[in-house]
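Asks: The structure file structure09.csv (CSV, C-alpha atoms) is provided below.
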chain,number,residue,atom,x,y,z
A,7,GLU,CA,136.4,221.0,-3.3
A,8,ALA,CA,138.1,222.7,-6.2
A,9,GLY,CA,141.9,222.2,-6.4
A,10,VAL,CA,144.7,224.7,-7.0
A,11,ALA,CA,144.1,226.2,-10.5
A,12,GLN,CA,147.0,227.3,-12.7
A,13,SER,CA,147.2,228.8,-16.1
A,14,PRO,CA,148.5,228.5,-18.8
A,15,ARG,CA,149.4,224.8,-18.8
A,16,TYR,CA,152.1,225.3,-21.4
A,17,LYS,CA,154.0,228.4,-22.6
A,18,ILE,CA,156.7,228.7,-25.2
A,19,ILE,CA,158.6,232.0,-25.5
A,20,GLU,CA,161.9,233.2,-26.9
A,21,LYS,CA,164.7,234.4,-24.6
A,22,ARG,CA,164.5,238.0,-23.4
A,23,GLN,CA,160.7,237.9,-23.7
A,24,SER,CA,158.4,238.3,-20.7
A,25,VAL,CA,155.9,235.8,-19.4
A,26,ALA,CA,153.4,235.6,-16.5
A,27,PHE,CA,151.8,232.7,-14.7
A,28,TRP,CA,148.6,232.7,-12.7
A,29,CYS,CA,147.6,230.7,-9.7
A,30,ASN,CA,144.3,230.5,-7.8
A,31,PRO,CA,144.7,228.6,-4.6
A,32,ILE,CA,142.0,226.6,-2.8
A,33,SER,CA,139.4,228.8,-1.2
A,34,GLY,CA,140.4,229.9,2.3
A,35,HIS,CA,144.0,228.8,2.1
A,36,ALA,CA,146.1,231.5,3.7
A,37,THR,CA,149.5,230.3,2.5
A,38,LEU,CA,150.6,230.2,-1.2
A,39,TYR,CA,153.8,228.9,-2.7
A,40,TRP,CA,155.6,229.1,-6.0
A,41,TYR,CA,158.0,226.3,-6.9
A,42,GLN,CA,160.4,226.0,-9.8
A,43,GLN,CA,161.0,222.4,-11.0
A,44,ILE,CA,163.7,222.0,-13.6
A,45,LEU,CA,163.6,218.7,-15.6
A,46,GLY,CA,165.2,215.9,-13.6
A,47,GLN,CA,165.2,217.8,-10.3
A,48,GLY,CA,163.0,218.3,-7.3
A,49,PRO,CA,160.9,221.4,-6.9
A,50,LYS,CA,162.7,224.5,-5.4
A,51,LEU,CA,160.8,227.1,-3.5
A,52,LEU,CA,160.8,230.5,-5.2
A,53,ILE,CA,158.5,232.4,-2.9
A,54,GLN,CA,156.0,231.9,-0.1
A,55,PHE,CA,153.1,234.2,0.8
A,56,GLN,CA,151.1,234.3,4.0
A,57,ASN,CA,147.9,236.0,3.0
A,58,ASN,CA,149.3,238.9,0.9
A,59,GLY,CA,152.6,239.2,2.7
A,60,VAL,CA,155.9,237.6,1.6
A,61,VAL,CA,157.3,235.0,4.1
A,62,ASP,CA,160.3,233.7,2.1
A,63,ASP,CA,161.6,234.9,-1.2
A,64,SER,CA,165.3,234.2,-0.5
A,65,GLN,CA,165.6,231.9,-3.6
A,66,LEU,CA,163.7,234.2,-6.0
A,67,PRO,CA,166.0,235.8,-8.6
A,68,LYS,CA,164.7,239.2,-8.0
A,69,ASP,CA,166.5,240.8,-11.0
A,70,ARG,CA,164.1,239.0,-13.3
A,71,PHE,CA,161.4,237.3,-11.3
A,72,SER,CA,158.6,239.0,-9.5
A,73,ALA,CA,155.4,237.8,-7.8
A,74,GLU,CA,152.4,239.3,-6.2
A,75,ARG,CA,149.4,238.1,-4.3
A,76,LEU,CA,146.9,241.0,-4.2
A,77,LYS,CA,144.1,240.7,-1.7
A,78,GLY,CA,145.6,237.5,-0.4
A,79,VAL,CA,143.9,235.3,-2.9
A,80,ASP,CA,145.2,234.6,-6.4
A,81,SER,CA,148.8,235.2,-7.4
A,82,THR,CA,150.9,236.0,-10.4
A,83,LEU,CA,154.5,235.1,-11.1
A,84,LYS,CA,156.3,237.0,-13.7
A,85,ILE,CA,159.7,236.6,-15.5
A,86,GLN,CA,161.2,239.5,-17.3
A,87,PRO,CA,163.3,239.0,-19.3
A,88,ALA,CA,163.4,235.2,-19.6
A,89,LYS,CA,166.6,233.2,-20.0
A,90,LEU,CA,167.2,229.8,-21.4
A,91,GLU,CA,167.8,228.4,-17.9
A,92,ASP,CA,164.3,229.4,-16.8
A,93,SER,CA,162.8,226.5,-18.8
A,94,ALA,CA,161.0,224.5,-16.1
A,95,VAL,CA,157.7,223.6,-14.7
A,96,TYR,CA,156.3,226.3,-12.3
A,97,LEU,CA,154.2,224.8,-9.6
A,98,CYS,CA,151.8,226.6,-7.3
A,99,ALA,CA,150.7,225.2,-4.0
A,100,SER,CA,148.6,226.3,-1.1
A,101,SER,CA,147.9,225.2,2.4
A,102,PRO,CA,145.3,226.3,5.0
A,103,ARG,CA,147.8,227.7,7.4
A,104,GLN,CA,151.6,228.1,7.8
A,105,GLY,CA,151.9,225.1,10.1
A,106,LEU,CA,155.0,223.0,9.7
A,107,ASN,CA,153.1,219.8,9.3
A,108,GLU,CA,150.6,221.2,6.9
A,109,LYS,CA,149.8,219.3,3.8
A,110,LEU,CA,150.5,221.3,0.6
A,111,PHE,CA,148.0,221.1,-2.2
A,112,PHE,CA,149.6,221.5,-5.6
A,113,GLY,CA,148.3,222.6,-9.0
A,114,SER,CA,149.3,220.9,-12.2
A,115,GLY,CA,151.9,223.5,-13.0
A,116,THR,CA,152.9,225.6,-16.0
A,117,GLN,CA,155.5,224.1,-18.3
A,118,LEU,CA,157.7,226.9,-19.7
A,119,SER,CA,160.0,226.4,-22.6
A,120,VAL,CA,162.4,229.3,-23.4
A,121,LEU,CA,163.9,229.0,-26.9
B,11,ALA,CA,171.8,224.1,4.7
B,12,GLN,CA,169.6,221.1,4.8
B,13,THR,CA,169.9,218.6,1.9
B,14,VAL,CA,167.8,215.7,0.8
B,15,THR,CA,169.3,212.8,-1.2
B,16,GLN,CA,167.6,210.1,-3.2
B,17,SER,CA,170.2,207.8,-4.5
B,18,GLN,CA,167.9,205.8,-6.8
B,19,PRO,CA,167.0,207.7,-10.0
B,20,GLU,CA,164.8,204.8,-11.2
B,21,MET,CA,163.2,201.8,-9.6
B,22,SER,CA,160.9,199.1,-11.0
B,23,VAL,CA,158.6,196.6,-9.4
B,24,GLN,CA,156.2,193.9,-10.4
B,25,GLU,CA,152.6,194.5,-9.8
B,26,ALA,CA,151.5,193.1,-6.4
B,27,GLU,CA,155.1,193.1,-5.2
B,28,THR,CA,156.8,195.3,-2.6
B,29,VAL,CA,159.3,198.1,-3.3
B,30,THR,CA,161.4,200.3,-1.1
B,31,LEU,CA,162.5,203.8,-2.1
B,32,SER,CA,165.5,205.3,-0.2
B,33,CYS,CA,166.0,208.8,1.1
B,34,THR,CA,168.7,210.3,3.3
B,35,TYR,CA,168.9,213.8,4.6
B,36,ASP,CA,171.4,216.1,6.3
B,37,THR,CA,170.4,218.4,9.2
B,38,SER,CA,171.7,219.7,12.5
B,39,GLU,CA,168.1,220.1,13.7
B,40,SER,CA,166.5,217.8,16.2
B,41,ASP,CA,162.9,218.5,15.4
B,42,TYR,CA,161.7,218.5,11.8
B,43,TYR,CA,159.2,216.9,9.5
B,44,LEU,CA,159.7,214.5,6.6
B,45,PHE,CA,157.3,213.8,3.7
B,46,TRP,CA,157.0,211.6,0.6
B,47,TYR,CA,155.2,213.2,-2.4
B,48,LYS,CA,154.1,211.4,-5.5
B,49,GLN,CA,154.1,213.2,-8.9
B,50,PRO,CA,152.3,211.4,-11.7
B,51,PRO,CA,152.6,212.6,-15.4
B,52,SER,CA,149.8,215.1,-14.7
B,53,ARG,CA,152.6,217.0,-12.7
B,54,GLN,CA,150.3,217.5,-9.7
B,55,MET,CA,152.3,216.6,-6.5
B,56,ILE,CA,150.3,214.5,-4.1
B,57,LEU,CA,151.2,213.9,-0.4
B,58,VAL,CA,151.7,210.2,0.2
B,59,ILE,CA,152.8,210.1,3.8
B,60,ARG,CA,154.4,212.3,6.5
B,61,GLN,CA,156.5,211.7,9.6
B,62,GLU,CA,157.2,213.9,12.6
B,63,ALA,CA,160.8,213.5,13.8
B,64,TYR,CA,159.9,213.4,17.4
B,65,LYS,CA,157.7,210.4,16.9
B,66,GLN,CA,159.5,207.0,17.1
B,67,GLN,CA,156.6,205.1,15.6
B,68,ASN,CA,156.9,204.8,11.8
B,69,ALA,CA,154.0,206.4,9.9
B,70,THR,CA,151.7,204.1,7.8
B,71,GLU,CA,149.0,205.0,5.2
B,72,ASN,CA,147.3,201.9,3.8
B,73,ARG,CA,149.8,200.3,1.5
B,74,PHE,CA,152.5,202.9,2.2
B,75,SER,CA,154.8,202.9,5.2
B,76,VAL,CA,158.1,204.4,6.1
B,77,ASN,CA,161.2,203.3,7.9
B,78,PHE,CA,162.4,206.3,9.8
B,79,GLN,CA,165.9,206.0,11.3
B,80,LYS,CA,166.6,209.3,13.0
B,81,ALA,CA,170.2,208.5,14.0
B,82,ALA,CA,171.1,207.4,10.5
B,83,LYS,CA,169.1,210.3,9.0
B,84,SER,CA,167.3,207.8,6.7
B,85,PHE,CA,163.6,207.9,5.7
B,86,SER,CA,162.7,205.1,3.2
B,87,LEU,CA,159.2,204.5,1.7
B,88,LYS,CA,157.8,201.0,1.4
B,89,ILE,CA,155.0,200.4,-1.1
B,90,SER,CA,153.3,197.1,-0.5
B,91,ASP,CA,151.1,195.3,-3.1
B,92,SER,CA,152.2,197.7,-5.8
B,93,GLN,CA,149.6,198.8,-8.3
B,94,LEU,CA,149.8,200.1,-11.8
B,95,GLY,CA,148.6,203.5,-10.5
B,96,ASP,CA,151.6,203.7,-8.2
B,97,ALA,CA,153.8,204.4,-11.2
B,98,ALA,CA,155.1,208.0,-10.8
B,99,MET,CA,158.0,210.1,-9.6
B,100,TYR,CA,158.4,210.0,-5.9
B,101,PHE,CA,160.0,212.9,-4.0
B,102,CYS,CA,161.3,212.9,-0.4
B,103,ALA,CA,161.0,216.2,1.4
B,104,TYR,CA,162.2,217.8,4.6
B,105,ARG,CA,161.0,220.7,6.6
B,106,LYS,CA,162.6,222.0,9.9
B,107,GLU,CA,160.5,223.0,12.8
B,108,THR,CA,160.8,226.7,12.4
B,109,SER,CA,158.0,229.0,11.5
B,110,GLY,CA,158.1,229.9,7.8
B,111,SER,CA,160.7,227.3,7.0
B,112,ARG,CA,160.6,225.9,3.4
B,113,LEU,CA,160.0,222.4,2.2
B,114,THR,CA,163.2,221.0,0.6
B,115,PHE,CA,162.9,218.2,-1.9
B,116,GLY,CA,165.2,215.5,-3.1
B,117,GLU,CA,165.9,214.8,-6.7
B,118,GLY,CA,163.2,212.2,-7.0
B,119,THR,CA,162.9,208.5,-7.9
B,120,GLN,CA,161.0,207.4,-11.0
B,121,LEU,CA,159.0,204.2,-10.1
B,122,THR,CA,157.8,201.9,-12.9
B,123,VAL,CA,155.2,199.2,-12.1
B,124,ASN,CA,155.3,196.2,-14.5
B,125,PRO,CA,152.1,194.2,-15.1
So that I can check it, write out the structure of this file as structure tokens.
Replies:
Amino acid sequence: EAGVAQSPRYKIIEKRQSVAFWCNPISGHATLYWYQQILGQGPKLLIQFQNNGVVDDSQLPKDRFSAERLKGVDSTLKIQPAKLEDSAVYLCASSPRQGLNEKLFFGSGTQLSVL
Amino acid sequence: AQTVTQSQPEMSVQEAETVTLSCTYDTSESDYYLFWYKQPPSRQMILVIRQEAYKQQNATENRFSVNFQKAAKSFSLKISDSQLGDAAMYFCAYRKETSGSRLTFGEGTQLTVNP
């Protein structure tokens, strides 16, 4: 079974530039999550999709961050414009359903450095 | 808001020995779920073990077991017969029993296994 795929693995940009990350969840997984993990901290949920609908985006900085999951499969997270404090690892995860005890399957993340 | 605290930023253990990682959480809920995730240098988070709050019996997965103390809001992870491959960042996580609720992570504990 293929895992959660993310690209790129690394990205370096200057502040005020735009950047996009891509995630392809495990086939058939209805729920998709984007997490932000700042160095030395635990992951923080940015947005959660159930199929192609948003379940929770309360911690997404909507003035600069946007995400979409067209057709309920793969997803893109965008930052425009980037700030220095956006430097972090962006992790994508998926689960078969929205169940509370569901195991989340994580990708290897995209490490973003904003200079 | 729920919080998860891991008071040990770093821990070390000798190969084949036993180590315990601590986690406390704050919640007013009576039903919830607790998890331990492992994050190796590859950055991919892997579920180690999970516990339902309504279950009194502590969860066990091979060499990994938990000590769940609901009244004390404590959820520690014990790793027996430590192996070099256990070296990683370990995160404790909490999720309340509400549809669509998010997974909240602690700050993590870096575990080193010495040969």
Asks: Write out as a PyMOL selection string which residues come within 10 Å of Lys109 of chain A when counting all atoms listed in the file, dropping same-chain ones fewer than 3 positions away.
Replies: (chain A and resi 99-106+112) or (chain B and resi 45+56-60)
Asks: How would you write as a list in words the residues that get within 9 Å of (140.5, 222.0, -8.5) in the file's frame, counting only C-alpha atoms?
Replies: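 Result, sorted by chain then residue number: Glu7, Ala8, Gly9, Val10, Ala11, Pro31, Ile32 and Gly113 of chain A.
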Asks: Using only C-alpha atoms for the distances, tell me which of B:Ser90, B:Pro19, B:Asn72, B:Asn77 is nearest to Gln47 of chain A.
Replies: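 Distance minimum relative to Gln47 of chain A lands on B:Pro19.
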Asks: Residues of chain B near chain A: apply a cut-off of 10 Å, count all atoms listed in the file, and supply the list as JSON, numbers by chain.
Replies: {"B": [14, 19, 42, 43, 44, 45, 47, 49, 50, 51, 52, 53, 54, 55, 56, 57, 58, 59, 60, 61, 62, 99, 100, 101, 102, 103, 105, 106, 107, 108, 109, 110, 111, 112, 113, 114, 115, 116, 117, 118, 119, 120]}
Asks: What does the distance from atom CA of Lys77 of chain A to atom CA of Ala36 of chain A come to in Å, to one decimal?
Replies: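 If I compute the distance from atom CA of Lys77 of chain A to atom CA of Ala36 of chain A, I get 10.9 Å.
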Asks: Which residues, written as a PDB file with C-alpha atoms, in the coordinates of the input, have at least one atom at most 12 Å from Leu118 of chain A, with all atoms listed in the file counted and residues fewer than 3 positions away on the same chain left out?
Replies:
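Output saved as selection-v9.pdb:
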ATOM      1  CA  SER A  13     147.200 228.800 -16.100  1.00  0.00           C
ATOM      2  CA  PRO A  14     148.500 228.500 -18.800  1.00  0.00           C
ATOM      3  CA  ARG A  15     149.400 224.800 -18.800  1.00  0.00           C
ATOM      4  CA  TYR A  16     152.100 225.300 -21.400  1.00  0.00           C
ATOM      5  CA  LYS A  17     154.000 228.400 -22.600  1.00  0.00           C
ATOM      6  CA  ILE A  18     156.700 228.700 -25.200  1.00  0.00           C
ATOM      7  CA  ILE A  19     158.600 232.000 -25.500  1.00  0.00           C
ATOM      8  CA  GLU A  20     161.900 233.200 -26.900  1.00  0.00           C
ATOM      9  CA  LYS A  21     164.700 234.400 -24.600  1.00  0.00           C
ATOM     10  CA  SER A  24     158.400 238.300 -20.700  1.00  0.00           C
ATOM     11  CA  VAL A  25     155.900 235.800 -19.400  1.00  0.00           C
ATOM     12  CA  ALA A  26     153.400 235.600 -16.500  1.00  0.00           C
ATOM     13  CA  PHE A  27     151.800 232.700 -14.700  1.00  0.00           C
ATOM     14  CA  GLN A  42     160.400 226.000  -9.800  1.00  0.00           C
ATOM     15  CA  GLN A  43     161.000 222.400 -11.000  1.00  0.00           C
ATOM     16  CA  ILE A  44     163.700 222.000 -13.600  1.00  0.00           C
ATOM     17  CA  LEU A  45     163.600 218.700 -15.600  1.00  0.00           C
ATOM     18  CA  LYS A  84     156.300 237.000 -13.700  1.00  0.00           C
ATOM     19  CA  ILE A  85     159.700 236.600 -15.500  1.00  0.00           C
ATOM     20  CA  ALA A  88     163.400 235.200 -19.600  1.00  0.00           C
ATOM     21  CA  LYS A  89     166.600 233.200 -20.000  1.00  0.00           C
ATOM     22  CA  LEU A  90     167.200 229.800 -21.400  1.00  0.00           C
ATOM     23  CA  GLU A  91     167.800 228.400 -17.900  1.00  0.00           C
ATOM     24  CA  ASP A  92     164.300 229.400 -16.800  1.00  0.00           C
ATOM     25  CA  SER A  93     162.800 226.500 -18.800  1.00  0.00           C
ATOM     26  CA  ALA A  94     161.000 224.500 -16.100  1.00  0.00           C
ATOM     27  CA  VAL A  95     157.700 223.600 -14.700  1.00  0.00           C
ATOM     28  CA  TYR A  96     156.300 226.300 -12.300  1.00  0.00           C
ATOM     29  CA  LEU A  97     154.200 224.800  -9.600  1.00  0.00           C
ATOM     30  CA  GLY A 115     151.900 223.500 -13.000  1.00  0.00           C
ATOM     31  CA  LEU A 121     163.900 229.000 -26.900  1.00  0.00           C
TER      32      LEU A 121
END
Asks: Between atom CA of Gln79 of chain B and atom CA of Lys65 of chain B, what is the spacing in Å?
Replies: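 Between these atoms lies a distance of 10.9 Å.
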Asks: Just to confirm, what's the straight-line distance from atom CA of Cys29 of chain A to atom CA of Thr82 of chain A in Å (one decimal)?
Replies: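 Going from atom CA of Cys29 of chain A over to atom CA of Thr82 of chain A covers 6.3 Å.
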Asks: Return the single residue from B:Gln67, B:Thr122, B:Gln16, B:Ser75 that is closest to Leu94 of chain B, with distances computed using all atoms listed in the file.
Replies: B:Thr122
Asks: Could you give me, as a ChimeraX atom specification, the residues that have an atom at most 8 Å away from the point (164.6, 214.9, 16.6) in the coordinates of the file, using all atoms listed in the file?
Replies: /B:39-42,63-64,80
Asks: Could you pull the residues within 8 Å of Ser81 of chain A, counting only C-alpha atoms, minus those fewer than 6 positions along the same chain, as a count of residues only?
Replies: 6
Asks: Can you pull out every residue within 7 Å of segment 33-36 of chain B, counting only C-alpha atoms, but drop anything in the same chain fewer than 6 positions away, and send it as a ChimeraX atom specification?
Replies: /B:12-16,83-86,102
Asks: Tell me, as a list in words, which residues lie within 10 Å of Gln93 of chain B, counting only C-alpha atoms; anything in the same chain fewer than 2 positions away does not count.
Replies: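 Here the answer would be Val23, Gln24, Glu25, Ala26, Glu27, Thr28, Arg73, Ile89, Ser90, Asp91, Gly95, Asp96, Ala97, Thr122, Val123, Asn124 and Pro125 of chain B.
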